[in-house]
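First comes the structure, then the notes that go with it.
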Amino acid sequence: MSAPRPADRPSTPRWRGISFAERMGTVDFRVGARAHITVDAEVCRSCTTRACVTACPANLFTPTADGGILFNYEECFECGTCYMVCNHEGALTWTYPDGGHGVVFHHG
Amino acid sequence: MAEVTEVDAVVVGAGPAGSAAALALARAGRSVVLLERGPFPGSKNVYGGVVYGRVLDGIVPRWWEEVPVERWVVRRSTMLVTPTQSLSVDYRSAAWGEAPYNGMTTLRCHFDAWLAAKATDAGARLVTSTVATGLVRDGTGRVVGVRTDRAGAEVHAPVVIACDGVNSFLAKEAGLLPPAAASHHTLGVKEVLDLPAGAINERFGVQDHEGVDVEILGCTRDIPGGGFLYTNADTVSIGVVVALPQLAASGVRPEELVADLRDHPGIAPLLRGASLREYAAHLIPEGGYDTMPELVSDGLLIAGDAGAMTLAAGLWLEGVNFAIGSGDAAGRAAAGALAAGDCSAAGLASYRADLEGQFVLADHKRLRKAPALVLSERVQQRYPGLLCDLAEGMFTVTNPTPKPGGLRLTRQVAAGHGVRLRQLAGDTLRGLRIFG
């Protein structure tokens with residue numbers, strides 16, 4: 001179930017926004033079988049900055065309790081933010097999804 | 001054995017740069033393949049945005065009669081904000097609402113597809129849903145084509161034009177772009193909101209196909225950047241553009257910054273009742289002239305965002321026109337080199353000279369120090385509040401206390417924001433030198 005819209009919640013009088021899942025639900029993704037980004041959990045464990053967790057606009061990087069990073073590639077904007085801000089050599093490999101797959105913007 | 005297609009030129013990326021390049025080559029009678037990794041041109045592209053069409057005059061005569069426009073921009077507003085204040089400079093021009101127009105809002109899936117169709121109408125072969133996965137080189141190291149992800153099929157050509165966008169893997173493979181340079185890039189995050197055309201017309205003071213372009217400074221907390229708000233036909237585009245390294249270090253999620261802007265007291269009433277149609281994000285190469293790669297090597301030209309050609313110079317925020325201008329020049333240079341039988345770097349060198357002689361590199365060179373000034377600490381963190389407080393001091397009626405003198409007020413307000421008058425004067429001079 002999606003989270004209730006803020007308008008339904010009197011505790012948030014301002015239109016602060018919808019849930020992140022609803023937000024990503026507005027985007028057309030044609031998910032390919034191949035993960036176009038891979039993350040080396042071992043390298044990520046030694047990272048203290050976690051720049052990708054803050055900056056990824058699709059919020060695809062989630063820290064785990066044991067210090068690693070969980071990542072899913074399905075709802076990726078293919079923007080490149082994660083590898084640009086990552087300062088750990090070899091932590092992240094990034095390519096484009098296979099042709100015709102991935103994000104499809106209709107109002108870019 | 002992988003399938004090999006032989007053509008005169010291969011253009012990678014059917015954005016504005018690639019389609020302009022393919023169009024120029026096709027018009028010169030050359031066989032050209034235009035590769036696009038998305039299912040249709042524009043499907044991977046995001047911008048603010050506004051397209052400034054003057055660059056199209058020489059490419060598609062009377063383009064305004066057929067271009068897929070949302071609204072013609074007749075109002076341009078620059079807004080300085082604090083969380084509770086806003087100060088706007090608002091310019092309106094009736095001339096911008098008539099042919100040949102100045103700027104238009106349009107959506108990239110429409111605009112990019114329109115320009116790509118111009119290329120295919122002229123004879124270019126558009127191949128969608130196909131990634132160019134790498135460069136093909138001959139024994140001497142010269143680029144002679146690209147590999148694709150279509151069963152390893154290759155497209156061979158004496159000249160490759162890389163218009164593969166801000167992450168250009170082809171320019172990186174050629175050693176022309178660094179693997180990653182966060183400090184040269186900003187992240188643009190955009191929400192397109194549904195809002196009926198009538199509501200847009202009333203709230204923004206426009207009618208019919210008239211549109212508004214608002215640029216906002218002071219809305220990105222302590223992260224260098226800015227905001228934007230553009231009217232489309234029956235949607236509005238709102239978003240922020242923020243410096244990548246500082247965003248990553250801030251702990252603030254990008255969508256929070258857009259929510260701040262949407263909730264701003266000067267903006268929220270304009271958007272009341274609007275609902276999210278599409279959320280999007282894209283990187284922007286905002287480093288300017290000094291961060292541009294080499295644009296020419298043996299058998300290879302770089303154009304558009306791949307060549308870092310987005311102009312982010314405060315007053316001017318332009319990209320699509322630079323992509324079209326550079327792509328067109330690349331296509332013409334490639335056609336000339338093919339005719340002369342020399343697609344080496346020397347044979348393609350007219351490309352850079354052409355760009356230097358027109359706005360594409362001339363604007364970038366002139367404004368090369370603008371990105372640093374616009375993103376500097378005082379411009380970002382102090383001046384929006386300082387100028388808003390100055391306006392508040394000027395316009396708040398303090399009877400029975402007499403009105404303060406302008407200079408005294410300025411000194412007081414500047415001191416309150418930790419700015420010395422000398423610094424204010426120095427930055428004004430610096431701005432005049434850069435923009436003057």
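Simple scheme: letters A, B, ... for chains in structure tokens order, numbers from 1 for residues in each chain, numbers from 1 for ligands in the order shown.
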10 Å contact set for range 22-29 of chain B, only C-alpha atoms, chain neighbours under 3 positions out, as a PDB file with N, CA, C and O atoms, in the first residue's frame:
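Contents of the output file result-v4.pdb:
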ATOM      1  N   ASP B   8      29.425   6.761 -43.950  1.00  0.00           N
ATOM      2  CA  ASP B   8      30.371   7.883 -43.949  1.00  0.00           C
ATOM      3  C   ASP B   8      30.609   8.414 -42.539  1.00  0.00           C
ATOM      4  O   ASP B   8      31.698   8.866 -42.207  1.00  0.00           O
ATOM      5  N   ALA B   9      29.534   8.409 -41.727  1.00  0.00           N
ATOM      6  CA  ALA B   9      29.670   8.982 -40.384  1.00  0.00           C
ATOM      7  C   ALA B   9      28.702   8.302 -39.432  1.00  0.00           C
ATOM      8  O   ALA B   9      27.588   7.934 -39.830  1.00  0.00           O
ATOM      9  N   VAL B  10      29.124   8.131 -38.196  1.00  0.00           N
ATOM     10  CA  VAL B  10      28.216   7.634 -37.169  1.00  0.00           C
ATOM     11  C   VAL B  10      28.137   8.678 -36.058  1.00  0.00           C
ATOM     12  O   VAL B  10      29.153   9.213 -35.614  1.00  0.00           O
ATOM     13  N   VAL B  11      26.908   9.002 -35.685  1.00  0.00           N
ATOM     14  CA  VAL B  11      26.649   9.981 -34.639  1.00  0.00           C
ATOM     15  C   VAL B  11      26.025   9.241 -33.466  1.00  0.00           C
ATOM     16  O   VAL B  11      25.048   8.498 -33.646  1.00  0.00           O
ATOM     17  N   VAL B  12      26.574   9.420 -32.279  1.00  0.00           N
ATOM     18  CA  VAL B  12      26.088   8.690 -31.106  1.00  0.00           C
ATOM     19  C   VAL B  12      25.273   9.632 -30.227  1.00  0.00           C
ATOM     20  O   VAL B  12      25.800  10.614 -29.694  1.00  0.00           O
ATOM     21  N   GLY B  13      23.991   9.331 -30.096  1.00  0.00           N
ATOM     22  CA  GLY B  13      23.101  10.123 -29.258  1.00  0.00           C
ATOM     23  C   GLY B  13      22.190  10.997 -30.100  1.00  0.00           C
ATOM     24  O   GLY B  13      22.657  11.876 -30.815  1.00  0.00           O
ATOM     25  N   ALA B  14      20.874  10.750 -30.020  1.00  0.00           N
ATOM     26  CA  ALA B  14      19.923  11.534 -30.816  1.00  0.00           C
ATOM     27  C   ALA B  14      19.295  12.625 -29.967  1.00  0.00           C
ATOM     28  O   ALA B  14      18.091  12.861 -30.023  1.00  0.00           O
ATOM     29  N   PRO B  16      19.744  16.912 -29.037  1.00  0.00           N
ATOM     30  CA  PRO B  16      19.844  18.056 -29.968  1.00  0.00           C
ATOM     31  C   PRO B  16      21.188  18.127 -30.681  1.00  0.00           C
ATOM     32  O   PRO B  16      21.237  18.472 -31.867  1.00  0.00           O
ATOM     33  N   ALA B  17      22.287  17.802 -29.995  1.00  0.00           N
ATOM     34  CA  ALA B  17      23.604  17.850 -30.644  1.00  0.00           C
ATOM     35  C   ALA B  17      23.692  16.792 -31.732  1.00  0.00           C
ATOM     36  O   ALA B  17      24.080  17.082 -32.876  1.00  0.00           O
ATOM     37  N   GLY B  18      23.324  15.566 -31.404  1.00  0.00           N
ATOM     38  CA  GLY B  18      23.450  14.466 -32.355  1.00  0.00           C
ATOM     39  C   GLY B  18      22.549  14.644 -33.560  1.00  0.00           C
ATOM     40  O   GLY B  18      22.966  14.415 -34.707  1.00  0.00           O
ATOM     41  N   SER B  19      21.316  15.070 -33.324  1.00  0.00           N
ATOM     42  CA  SER B  19      20.404  15.233 -34.452  1.00  0.00           C
ATOM     43  C   SER B  19      20.851  16.377 -35.360  1.00  0.00           C
ATOM     44  O   SER B  19      20.731  16.283 -36.587  1.00  0.00           O
ATOM     45  N   VAL B  32      24.715   8.509 -42.988  1.00  0.00           N
ATOM     46  CA  VAL B  32      24.973   8.701 -41.565  1.00  0.00           C
ATOM     47  C   VAL B  32      24.013   7.852 -40.735  1.00  0.00           C
ATOM     48  O   VAL B  32      22.814   7.782 -41.018  1.00  0.00           O
ATOM     49  N   VAL B  33      24.580   7.166 -39.741  1.00  0.00           N
ATOM     50  CA  VAL B  33      23.783   6.417 -38.771  1.00  0.00           C
ATOM     51  C   VAL B  33      23.761   7.211 -37.476  1.00  0.00           C
ATOM     52  O   VAL B  33      24.800   7.671 -36.993  1.00  0.00           O
ATOM     53  N   LEU B  34      22.553   7.392 -36.936  1.00  0.00           N
ATOM     54  CA  LEU B  34      22.351   8.136 -35.693  1.00  0.00           C
ATOM     55  C   LEU B  34      21.871   7.138 -34.639  1.00  0.00           C
ATOM     56  O   LEU B  34      20.756   6.615 -34.730  1.00  0.00           O
ATOM     57  N   ILE B  59      19.046  26.573 -39.622  1.00  0.00           N
ATOM     58  CA  ILE B  59      18.973  25.116 -39.808  1.00  0.00           C
ATOM     59  C   ILE B  59      17.596  24.698 -40.299  1.00  0.00           C
ATOM     60  O   ILE B  59      17.462  23.888 -41.218  1.00  0.00           O
ATOM     61  N   LEU B 115      13.534  17.227 -33.786  1.00  0.00           N
ATOM     62  CA  LEU B 115      14.806  17.511 -34.453  1.00  0.00           C
ATOM     63  C   LEU B 115      15.379  16.241 -35.095  1.00  0.00           C
ATOM     64  O   LEU B 115      15.940  16.293 -36.199  1.00  0.00           O
ATOM     65  N   ALA B 116      15.221  15.104 -34.417  1.00  0.00           N
ATOM     66  CA  ALA B 116      15.700  13.837 -34.990  1.00  0.00           C
ATOM     67  C   ALA B 116      14.954  13.527 -36.286  1.00  0.00           C
ATOM     68  O   ALA B 116      15.544  13.011 -37.249  1.00  0.00           O
ATOM     69  N   ALA B 117      13.656  13.875 -36.328  1.00  0.00           N
ATOM     70  CA  ALA B 117      12.873  13.626 -37.551  1.00  0.00           C
ATOM     71  C   ALA B 117      13.383  14.493 -38.703  1.00  0.00           C
ATOM     72  O   ALA B 117      13.328  14.090 -39.868  1.00  0.00           O
ATOM     73  N   LYS B 118      13.888  15.682 -38.375  1.00  0.00           N
ATOM     74  CA  LYS B 118      14.496  16.526 -39.421  1.00  0.00           C
ATOM     75  C   LYS B 118      15.695  15.785 -40.032  1.00  0.00           C
ATOM     76  O   LYS B 118      15.911  15.816 -41.249  1.00  0.00           O
ATOM     77  N   ALA B 119      16.483  15.140 -39.162  1.00  0.00           N
ATOM     78  CA  ALA B 119      17.664  14.408 -39.646  1.00  0.00           C
ATOM     79  C   ALA B 119      17.248  13.215 -40.499  1.00  0.00           C
ATOM     80  O   ALA B 119      17.816  12.975 -41.571  1.00  0.00           O
ATOM     81  N   THR B 120      16.241  12.476 -40.040  1.00  0.00           N
ATOM     82  CA  THR B 120      15.839  11.287 -40.818  1.00  0.00           C
ATOM     83  C   THR B 120      15.154  11.709 -42.123  1.00  0.00           C
ATOM     84  O   THR B 120      15.345  11.067 -43.154  1.00  0.00           O
ATOM     85  N   ASP B 121      14.396  12.804 -42.099  1.00  0.00           N
ATOM     86  CA  ASP B 121      13.782  13.314 -43.341  1.00  0.00           C
ATOM     87  C   ASP B 121      14.863  13.646 -44.374  1.00  0.00           C
ATOM     88  O   ASP B 121      14.646  13.523 -45.584  1.00  0.00           O
ATOM     89  N   ALA B 122      16.019  14.102 -43.869  1.00  0.00           N
ATOM     90  CA  ALA B 122      17.114  14.479 -44.782  1.00  0.00           C
ATOM     91  C   ALA B 122      17.929  13.261 -45.225  1.00  0.00           C
ATOM     92  O   ALA B 122      18.832  13.392 -46.046  1.00  0.00           O
ATOM     93  N   GLY B 123      17.612  12.089 -44.637  1.00  0.00           N
ATOM     94  CA  GLY B 123      18.284  10.875 -45.094  1.00  0.00           C
ATOM     95  C   GLY B 123      19.117  10.153 -44.055  1.00  0.00           C
ATOM     96  O   GLY B 123      19.662   9.078 -44.328  1.00  0.00           O
ATOM     97  N   ALA B 124      19.230  10.710 -42.838  1.00  0.00           N
ATOM     98  CA  ALA B 124      19.980  10.008 -41.793  1.00  0.00           C
ATOM     99  C   ALA B 124      19.199   8.769 -41.352  1.00  0.00           C
ATOM    100  O   ALA B 124      17.968   8.743 -41.418  1.00  0.00           O
ATOM    101  N   ARG B 125      19.925   7.753 -40.893  1.00  0.00           N
ATOM    102  CA  ARG B 125      19.272   6.526 -40.438  1.00  0.00           C
ATOM    103  C   ARG B 125      19.326   6.487 -38.917  1.00  0.00           C
ATOM    104  O   ARG B 125      20.400   6.374 -38.329  1.00  0.00           O
ATOM    105  N   LEU B 126      18.164   6.628 -38.293  1.00  0.00           N
ATOM    106  CA  LEU B 126      18.076   6.621 -36.830  1.00  0.00           C
ATOM    107  C   LEU B 126      17.888   5.195 -36.353  1.00  0.00           C
ATOM    108  O   LEU B 126      16.992   4.492 -36.805  1.00  0.00           O
ATOM    109  N   ILE B 161      30.959  11.057 -34.319  1.00  0.00           N
ATOM    110  CA  ILE B 161      30.637  12.263 -33.548  1.00  0.00           C
ATOM    111  C   ILE B 161      29.950  11.817 -32.259  1.00  0.00           C
ATOM    112  O   ILE B 161      28.859  11.247 -32.296  1.00  0.00           O
ATOM    113  N   GLY B 327      26.619  20.639 -32.396  1.00  0.00           N
ATOM    114  CA  GLY B 327      26.335  19.473 -33.235  1.00  0.00           C
ATOM    115  C   GLY B 327      26.325  19.840 -34.710  1.00  0.00           C
ATOM    116  O   GLY B 327      26.900  19.137 -35.549  1.00  0.00           O
ATOM    117  N   ASP B 328      25.691  20.961 -35.028  1.00  0.00           N
ATOM    118  CA  ASP B 328      25.647  21.426 -36.416  1.00  0.00           C
ATOM    119  C   ASP B 328      27.063  21.682 -36.941  1.00  0.00           C
ATOM    120  O   ASP B 328      27.412  21.261 -38.045  1.00  0.00           O
ATOM    121  N   ALA B 329      27.874  22.353 -36.109  1.00  0.00           N
ATOM    122  CA  ALA B 329      29.261  22.635 -36.532  1.00  0.00           C
ATOM    123  C   ALA B 329      30.051  21.345 -36.696  1.00  0.00           C
ATOM    124  O   ALA B 329      30.858  21.212 -37.636  1.00  0.00           O
ATOM    125  N   ALA B 330      29.820  20.379 -35.798  1.00  0.00           N
ATOM    126  CA  ALA B 330      30.529  19.097 -35.905  1.00  0.00           C
ATOM    127  C   ALA B 330      30.132  18.377 -37.195  1.00  0.00           C
ATOM    128  O   ALA B 330      30.988  17.818 -37.898  1.00  0.00           O
ATOM    129  N   GLY B 331      28.833  18.401 -37.495  1.00  0.00           N
ATOM    130  CA  GLY B 331      28.370  17.744 -38.721  1.00  0.00           C
ATOM    131  C   GLY B 331      28.964  18.391 -39.960  1.00  0.00           C
ATOM    132  O   GLY B 331      29.402  17.702 -40.894  1.00  0.00           O
ATOM    133  N   ARG B 332      29.021  19.727 -39.966  1.00  0.00           N
ATOM    134  CA  ARG B 332      29.587  20.420 -41.125  1.00  0.00           C
ATOM    135  C   ARG B 332      31.092  20.168 -41.241  1.00  0.00           C
ATOM    136  O   ARG B 332      31.623  19.964 -42.342  1.00  0.00           O
ATOM    137  N   ALA B 333      31.782  20.149 -40.085  1.00  0.00           N
ATOM    138  CA  ALA B 333      33.234  19.883 -40.119  1.00  0.00           C
ATOM    139  C   ALA B 333      33.503  18.467 -40.617  1.00  0.00           C
ATOM    140  O   ALA B 333      34.437  18.239 -41.406  1.00  0.00           O
ATOM    141  N   ALA B 334      32.677  17.520 -40.164  1.00  0.00           N
ATOM    142  CA  ALA B 334      32.862  16.129 -40.594  1.00  0.00           C
ATOM    143  C   ALA B 334      32.606  16.010 -42.101  1.00  0.00           C
ATOM    144  O   ALA B 334      33.345  15.320 -42.814  1.00  0.00           O
ATOM    145  N   ALA B 335      31.563  16.699 -42.589  1.00  0.00           N
ATOM    146  CA  ALA B 335      31.263  16.646 -44.029  1.00  0.00           C
ATOM    147  C   ALA B 335      32.418  17.221 -44.839  1.00  0.00           C
ATOM    148  O   ALA B 335      32.805  16.667 -45.881  1.00  0.00           O
ATOM    149  N   GLY B 336      33.000  18.314 -44.344  1.00  0.00           N
ATOM    150  CA  GLY B 336      34.143  18.918 -45.024  1.00  0.00           C
ATOM    151  C   GLY B 336      35.349  17.988 -45.040  1.00  0.00           C
ATOM    152  O   GLY B 336      36.039  17.843 -46.065  1.00  0.00           O
ATOM    153  N   LEU B 338      35.298  14.705 -44.763  1.00  0.00           N
ATOM    154  CA  LEU B 338      35.007  13.570 -45.657  1.00  0.00           C
ATOM    155  C   LEU B 338      35.245  13.970 -47.110  1.00  0.00           C
ATOM    156  O   LEU B 338      35.825  13.212 -47.879  1.00  0.00           O
ATOM    157  N   ALA B 339      34.814  15.178 -47.487  1.00  0.00           N
ATOM    158  CA  ALA B 339      34.991  15.645 -48.867  1.00  0.00           C
ATOM    159  C   ALA B 339      36.467  15.778 -49.210  1.00  0.00           C
ATOM    160  O   ALA B 339      36.882  15.502 -50.333  1.00  0.00           O
TER     161      ALA B 339
END
Open item on the list: With only C-alpha atoms as the counted atoms, please give the residues lying no more than 8 Å from range 82-99 of chain B, apart from itself and same-chain residues fewer than 2 positions off, as a PyMOL selection string.
Closed with: chain B and resi 64+72-80+101-103+210+218-219+264-266+384-385+387-388+391
Write a file of the selected residues as a CSV table (one decimal), in the first residue's frame, keeping N, CA, C and O atoms.
chain,number,residue,atom,x,y,z
B,64,TRP,N,9.6,28.0,-36.0
B,64,TRP,CA,8.5,28.2,-35.0
B,64,TRP,C,7.1,27.8,-35.5
B,64,TRP,O,6.2,27.7,-34.7
B,72,TRP,N,5.5,30.1,-25.3
B,72,TRP,CA,6.6,31.0,-25.7
B,72,TRP,C,6.9,31.9,-24.5
B,72,TRP,O,6.0,32.5,-23.9
B,73,VAL,N,8.1,32.0,-24.1
B,73,VAL,CA,8.5,32.7,-22.8
B,73,VAL,C,8.4,34.2,-23.1
B,73,VAL,O,9.1,34.8,-24.0
B,74,VAL,N,7.4,34.9,-22.4
B,74,VAL,CA,7.3,36.4,-22.5
B,74,VAL,C,7.7,37.1,-21.2
B,74,VAL,O,7.8,38.3,-21.2
B,75,ARG,N,7.8,36.3,-20.2
B,75,ARG,CA,8.2,36.9,-18.9
B,75,ARG,C,9.4,36.1,-18.4
B,75,ARG,O,9.4,34.9,-18.3
B,76,ARG,N,10.4,36.9,-17.9
B,76,ARG,CA,11.6,36.2,-17.4
B,76,ARG,C,11.8,36.9,-16.0
B,76,ARG,O,12.0,38.1,-15.9
B,77,SER,N,11.9,36.1,-15.0
B,77,SER,CA,11.9,36.6,-13.6
B,77,SER,C,13.1,36.0,-12.9
B,77,SER,O,13.3,34.8,-13.0
B,78,THR,N,13.9,36.9,-12.3
B,78,THR,CA,15.0,36.4,-11.4
B,78,THR,C,14.6,36.7,-10.0
B,78,THR,O,14.3,37.9,-9.7
B,79,MET,N,14.6,35.7,-9.1
B,79,MET,CA,14.0,35.8,-7.8
B,79,MET,C,15.1,35.5,-6.8
B,79,MET,O,15.8,34.4,-6.9
B,80,LEU,N,15.3,36.4,-5.8
B,80,LEU,CA,16.2,36.1,-4.7
B,80,LEU,C,15.3,35.8,-3.5
B,80,LEU,O,14.4,36.6,-3.2
B,101,TYR,N,10.3,35.0,-32.1
B,101,TYR,CA,10.3,34.6,-30.7
B,101,TYR,C,11.8,34.6,-30.1
B,101,TYR,O,12.7,34.8,-30.8
B,102,ASN,N,11.8,34.4,-28.8
B,102,ASN,CA,13.1,34.3,-28.1
B,102,ASN,C,13.3,32.9,-27.5
B,102,ASN,O,14.1,32.1,-28.0
B,103,GLY,N,12.6,32.6,-26.5
B,103,GLY,CA,12.7,31.3,-25.8
B,103,GLY,C,11.3,30.6,-25.8
B,103,GLY,O,10.3,31.2,-25.8
B,210,GLU,N,1.5,32.1,-24.0
B,210,GLU,CA,2.5,32.8,-23.4
B,210,GLU,C,3.0,32.0,-22.1
B,210,GLU,O,2.2,31.4,-21.4
B,218,GLY,N,19.0,31.3,-3.7
B,218,GLY,CA,18.9,31.4,-2.3
B,218,GLY,C,17.9,30.3,-1.7
B,218,GLY,O,17.6,30.3,-0.5
B,219,CYS,N,17.6,29.3,-2.6
B,219,CYS,CA,16.6,28.3,-2.2
B,219,CYS,C,17.2,27.0,-1.9
B,219,CYS,O,16.5,26.0,-1.9
B,264,HIS,N,7.7,27.4,-0.6
B,264,HIS,CA,8.1,28.8,-0.4
B,264,HIS,C,6.9,29.7,-0.5
B,264,HIS,O,6.1,29.6,-1.4
B,265,PRO,N,6.7,30.7,0.5
B,265,PRO,CA,5.5,31.6,0.5
B,265,PRO,C,5.4,32.3,-0.9
B,265,PRO,O,4.2,32.7,-1.2
B,266,GLY,N,6.4,32.6,-1.6
B,266,GLY,CA,6.3,33.3,-2.9
B,266,GLY,C,5.9,32.4,-4.0
B,266,GLY,O,5.6,32.8,-5.1
B,384,PRO,N,21.5,36.9,-1.3
B,384,PRO,CA,20.0,36.8,-1.4
B,384,PRO,C,19.3,37.4,-0.1
B,384,PRO,O,18.4,38.3,-0.2
B,385,GLY,N,19.8,37.0,1.1
B,385,GLY,CA,19.2,37.6,2.3
B,385,GLY,C,19.5,39.0,2.5
B,385,GLY,O,18.7,39.8,2.9
B,387,LEU,N,20.0,41.3,0.1
B,387,LEU,CA,19.2,42.1,-0.8
B,387,LEU,C,17.7,42.1,-0.4
B,387,LEU,O,17.0,43.1,-0.5
B,388,CYS,N,17.3,41.0,0.1
B,388,CYS,CA,15.9,40.9,0.6
B,388,CYS,C,15.7,41.9,1.9
B,388,CYS,O,14.7,42.6,2.0
B,391,ALA,N,15.6,45.4,0.8
B,391,ALA,CA,14.3,45.8,0.3
B,391,ALA,C,13.3,46.0,1.4
B,391,ALA,O,12.5,46.9,1.4
- [ ] Quick one: pick out all alpha helix (DSSP H) residues within range 268-312 of chain B from a backbone DSSP run and write them as a list in words.
- [x]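 Answer for range 268-312 of chain B restricted to alpha helix (DSSP H) is Ala268, Pro269, Leu270 and Leu271 of chain B.
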Task: Residue neighbourhood Glu6 in chain B, 8 Å, only C-alpha atoms, exclusion window fewer than 4 positions, as a list in words - done: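 Listing them by chain and then by number gives Val155, His156 and Ala157 of chain B.
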For C-alpha atoms, I'd like the residues from the last selection saved as a PDB file, in the first residue's frame.
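Contents of the output file again05.pdb:
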ATOM      1  CA  VAL B 155      29.124   0.656 -37.287  1.00  0.00           C
ATOM      2  CA  HIS B 156      32.293   1.675 -39.112  1.00  0.00           C
ATOM      3  CA  ALA B 157      32.878   5.178 -40.442  1.00  0.00           C
TER       4      ALA B 157
END
Task: Closest of B:Gly393, B:Pro245, B:Gly58, B:Gly15 to chain A - atom-to-atom distances counting only C-alpha atoms - done: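 Result for the nearest residue to chain A: B:Pro245.
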TODO: List the neighbours of range 405-420 of chain B out to 8 Å using only C-alpha atoms; skip same-chain residues closer than 3 positions along the sequence, and give me the result as a PyMOL selection string.
DONE: chain B and resi 382+385-386+389-390+393-394+423-424
Generate a file of the selected residues that holds N, CA and C atoms, formatted as a PDB file, in the first residue's frame.
ATOM      1  N   ARG B 382      24.919  34.781   1.179  1.00  0.00           N
ATOM      2  CA  ARG B 382      24.731  36.069   1.847  1.00  0.00           C
ATOM      3  C   ARG B 382      23.904  37.071   1.039  1.00  0.00           C
ATOM      4  N   GLY B 385      19.811  37.032   1.051  1.00  0.00           N
ATOM      5  CA  GLY B 385      19.249  37.558   2.300  1.00  0.00           C
ATOM      6  C   GLY B 385      19.549  39.029   2.474  1.00  0.00           C
ATOM      7  N   LEU B 386      20.773  39.419   2.083  1.00  0.00           N
ATOM      8  CA  LEU B 386      21.167  40.825   2.206  1.00  0.00           C
ATOM      9  C   LEU B 386      20.253  41.711   1.363  1.00  0.00           C
ATOM     10  N   ASP B 389      16.700  41.827   2.766  1.00  0.00           N
ATOM     11  CA  ASP B 389      16.619  42.693   3.951  1.00  0.00           C
ATOM     12  C   ASP B 389      16.740  44.166   3.574  1.00  0.00           C
ATOM     13  N   LEU B 390      17.530  44.445   2.545  1.00  0.00           N
ATOM     14  CA  LEU B 390      17.648  45.818   2.067  1.00  0.00           C
ATOM     15  C   LEU B 390      16.296  46.302   1.544  1.00  0.00           C
ATOM     16  N   GLY B 393      14.062  46.893   4.452  1.00  0.00           N
ATOM     17  CA  GLY B 393      14.413  48.146   5.124  1.00  0.00           C
ATOM     18  C   GLY B 393      13.932  49.368   4.356  1.00  0.00           C
ATOM     19  N   MET B 394      13.988  49.304   3.050  1.00  0.00           N
ATOM     20  CA  MET B 394      13.558  50.424   2.210  1.00  0.00           C
ATOM     21  C   MET B 394      12.043  50.587   2.253  1.00  0.00           C
ATOM     22  N   GLN B 423      33.753  44.374   0.261  1.00  0.00           N
ATOM     23  CA  GLN B 423      33.515  43.091  -0.410  1.00  0.00           C
ATOM     24  C   GLN B 423      32.367  43.213  -1.423  1.00  0.00           C
ATOM     25  N   LEU B 424      31.334  43.945  -0.998  1.00  0.00           N
ATOM     26  CA  LEU B 424      30.179  44.157  -1.876  1.00  0.00           C
ATOM     27  C   LEU B 424      30.617  44.880  -3.151  1.00  0.00           C
TER      28      LEU B 424
END
Open item on the list: Calculated over only C-alpha atoms, which of the candidates A:Thr95, A:Thr26, A:Asn72, A:Gly67 has the smallest distance to chain B?
Closed with: A:Thr26
- [ ] Based on DSSP run over this structure's backbone, return all residues of chain A in strand (DSSP E), as a PyMOL selection string.
- [x] chain A and resi 28-30+37-39+61-63+69-71+92-94+102-104
Interface rows for chain B against chain A: nearest pair, Å to one decimal, 8 Å, only C-alpha atoms, as a tab-separated table:
residue	atom	partner	partner_atom	distance
B:Arg37	CA	A:Gly99	CA	4.8
B:Gly38	CA	A:Gly100	CA	4.8
B:Pro39	CA	A:Gly100	CA	4.7
B:Gly42	CA	A:Phe105	CA	7.5
B:Ser43	CA	A:Val104	CA	4.8
B:Lys44	CA	A:Val104	CA	5.9
B:Asn45	CA	A:Gly108	CA	5.8
B:Val46	CA	A:Gly108	CA	4.0
B:Tyr47	CA	A:Gly108	CA	6.1
B:Gly48	CA	A:Gly108	CA	7.9
B:Leu107	CA	A:His107	CA	5.6
B:Arg108	CA	A:Gly108	CA	5.2
B:Cys109	CA	A:His106	CA	6.0
B:Thr128	CA	A:Gly100	CA	7.3
B:Ser129	CA	A:Gly100	CA	3.8
B:Thr130	CA	A:Gly99	CA	4.3
B:Val131	CA	A:Gly99	CA	5.1
B:Asp149	CA	A:Asp98	CA	6.9
B:Asn167	CA	A:Gly80	CA	6.8
B:Ala180	CA	A:Met84	CA	5.1
B:Ala181	CA	A:Met84	CA	6.2
B:Ala182	CA	A:Met84	CA	5.0
B:Leu187	CA	A:Thr81	CA	7.3
B:Val189	CA	A:Pro57	CA	7.2
B:Val192	CA	A:His107	CA	6.9
B:Leu244	CA	A:Val85	CA	7.0
B:Pro245	CA	A:Val85	CA	6.4
B:Leu247	CA	A:Ala55	CA	6.2
B:Ala248	CA	A:Ala51	CA	4.7
B:Ala249	CA	A:Ala51	CA	6.4
B:Ser250	CA	A:Thr54	CA	7.7
B:Gly251	CA	A:Thr54	CA	5.5
B:Val252	CA	A:Thr54	CA	6.4
B:Arg253	CA	A:Thr54	CA	5.6
B:Pro254	CA	A:Pro57	CA	6.1
B:Glu255	CA	A:Pro57	CA	7.1
B:Ala259	CA	A:Arg16	CA	5.9
B:Asp260	CA	A:Arg16	CA	8.0
B:Asp263	CA	A:Trp15	CA	7.0
B:Leu276	CA	A:Thr26	CA	7.5
B:Arg277	CA	A:Thr26	CA	6.2
B:Glu278	CA	A:Thr26	CA	4.9
B:Tyr279	CA	A:Val27	CA	6.4
B:Ala280	CA	A:Gly108	CA	7.1
B:Ala281	CA	A:Phe77	CA	6.4
B:His282	CA	A:Cys79	CA	4.9
B:Leu283	CA	A:Cys79	CA	5.6
TODO: Check the smallest atom-to-atom distance from each of B:Thr310, B:Ser31, B:Thr235, B:Ser326 to Ala162 in chain B using only C-alpha atoms, then report the winner.
DONE: B:Ser326
